[in-house]
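This report concerns only the one structure given below.
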Amino acid sequence: DGFLAALEQDAQERAQRRRRNEQLANALKEQGNEAFRAGDLALAIQRYSEGLEKLRDKQELYTNRAQVSGRAGAPHGWVLCGCARCNKNCLKAYFLMGKAHLALQHFSESSENLKPILFSPLTLGTLPECVAEARLEEQRLREEQRAQRELQAGSVAALSIQELLQRISSPGHDLPYYTGAISLLAGAVNTCSGQTFFRTNNGFSILSNEAVRGAFCAESKSPAEVELCVSLLLLWQAACAGNEENQRVLLAQAEVGAQLPELLSCGTAQIQRETLALISLYSEHEGGRRLLGRQDLSRWLQILMAFVKCTDARAESAMNILSDLSGEERFQAQCRATFSTAVSPLFTQLLGCARQVPWAALARALAVLGRLCADVGLRAQLAQSRECWQACLQLLEGCPDASPGYQHCVFALLGLMMNLLLESNGTIQDFAVPISGRCLALLSHQDGRIVTRATGVLSRVLPASPSAVQEVVRAGVVKKMLRILKVNPAPFISACTVQLWLCLTEFPLPAGFQLLLGLLHSGDELTVGNAAFCLSQCLLLPGAASSLLGSGVVQLLLRHAGGDAARTSVQQNSAIALGRLCVAEPRHIHQLRKLNGLAILSSSMKYVQSS
């Protein structure tokens, strides 16, 4: 007994010491973190080391010390040694070891250490930037080794590039001289090896030439400066096409990133065209968009949107870039700062003069704004603008020629409006009646896509305004929607369910139910599921369930609720409708009892309660 008591006492003492040491280690870790944030790397390393003396198995201290040591210039092998003490579940250790191996050009080891990060659920299956960096670094090294072998073999292209770069770097010449040399250089770097020769021979430091930099950065350019600037943009296009490392090095030049928005807004069509072509090389792939996201893009949306007015290829190029960037979180975040003061007024102006703007470009711009409004902050700003809604209504008034281009714009605009109507504010309530009126007129449009989106807009704007509901009912919205549903229910019923439910309060119930019962006989599961949902909503109306006595609806819903449809919405929506039917009108239970369906009704009650 004495021996066991001694063991227990020893275990308790060790547990107490560990708790005390863990508290001290956590305190030292926080002190190290504070020192790191303050820029005192030596003190941070000291505090992490002191923490490890208190608790040797605390992994955060190993990884933090390794990270700060790397920042302080410690050998990469030291970082690897420190992280190797962590267990296999420590993703930060894998990350730091991958970076260290990458710096040592151990590409296979780097990839092996980064794999756990790549497939970890904590990274949501996305490709971390460090993995892409490892791939690019390995590719860069191989390209430079190959270029070096070609140079040693006496490559004419390499010697030509070196000679041209020397000419451009020499001072004292006029602009036409530099323009000619840059144009020749653009023709020499159109291969992978040529691009590599250009980079390794400091080709991207071309702006160190004062004359070249002055022409490139001049606010008001002379004809000679315009010609040099265009040749420089063409050179960068040739050097960066399909080469992510060159793209990275180019944007690392401070003057280039700062001048891109200035070149886009300079007013010279040729410069704008080549600047757009250069930016397109970045926007068309993920790595390039990531590089662009590190630039100041706060003005880009406004500048690129203005190209909608152009009647040449600049409009399409600008919209392609915006389309590529619109899904990037960094771009969306930077747009918020100037959206309400610069972009929204420009958008309103474009809609106001839509007939003077190319329809195709305007449709693309509307689609881009629709995607940008997936961002809650941007959507809220635009949805609050009265001028925006007025311009939208103006465009929906119609165009005399009803051209296909105009129809594309209407389709894109309705999509944007659907996104904006996810918001709820006083402005939307004020415009609900005219918005509903415009969309009601579009329900007779020959383009089914426009009809679908018009019903979608109605489904979102009607709940915001009882006055709008009354107006569209008075204008015959129910008859229009029922006619659409009779002709081709599957594409429209999902969008129409909410409006149909709202409007049936002013419409004879049996006529509406007759249509829904017919749709429940459909062989299309999507149609059946949506029809059952619509019926369940209608059953909330007073007297609705009683009007269905003797209609055979119980048998129909029972068959779907207990069926084996592939879409679970069929069973769930039918069960909800069946439950509401019997709750609202108990006489339906007698029919249900005859069909031995009480068990299904019992199971459906959980759906009724949750709905």
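Identifiers in this document derive from the order of the structure tokens: chains are assigned A, B, ..., residues are numbered from 1 separately in each chain, and ligands are numbered from 1 in order of occurrence.
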Problem - All residues 10 Å or closer to Leu102 (chain A), only C-alpha atoms, same chain fewer than 2 positions away omitted, as a list in words - result: His76, Leu96, Met97, Gly98, Lys99, Ala100, Leu104, Gln105, His106, Phe107, Ser108, Glu109, Ser110, Ser111, Cys130, Val131, Glu133, Ala134, Arg135, Glu137 and Glu138 of chain A
Listing only residues of region 48-155 of chain A within 10 Å of region 224-243 of chain A, what is the closest atom pair and its distance in Å (to one decimal) for each, using only C-alpha atoms, sorted by chain and residue number ascending, as a tab-separated table?
```
residue	atom	partner	partner_atom	distance
A:Leu136	CA	A:Asn243	CA	9.6
A:Gln139	CA	A:Asn243	CA	9.9
A:Arg140	CA	A:Asn243	CA	9.3
```
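Of the listed residues A:Cys310, A:Leu366, A:Val357, A:Leu291, the one whose atoms come nearest to Glu328 (chain A) is A:Leu291, with distances taken using only C-alpha atoms.
Between CA of Gln270 (chain A) and CA of Glu163 (chain A) the separation is 28.2 Å.
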Completion exercise
Shortest contact to Pro586 (chain A), candidates A:Leu382, A:Met305, A:Leu548, A:Ala464, atoms counted only C-alpha atoms, goes to A:Leu548
Problem - Shell of 12 Å around Val256 (chain A), only C-alpha atoms, local chain residues under 3 positions omitted, as a ChimeraX atom specification - result: /A:204-208,213,216-217,229,232-233,236,247-253,259-263,275,278-279,292,295-296
Completion exercise
Counting only C-alpha atoms, the residue among A:Gln514, A:Arg47, A:Leu578, A:Arg567 that lies closest to Ser536 (chain A) is A:Leu578
Exercise for the section: Considering only C-alpha atoms, return as number ranges by chain whatever protein or nucleic-acid residues lie within 12 Å of Gly563 (chain A), sequence-local ones (same chain, fewer than 5 positions apart) excluded. Expected result: A: 525, 555-558, 568-572, 574-575, 600
Exercise for the section: Please report, as an NGL selection string, each residue of region 169-363 of chain A to which DSSP assigns alpha helix (DSSP H) when run on this structure's backbone. Expected result: :A and (169 or 175-188 or 192-200 or 210-217 or 223-240 or 244-251 or 254-264 or 269-283 or 286-293 or 300-305 or 313-325 or 329-338 or 344-352 or 359-363)
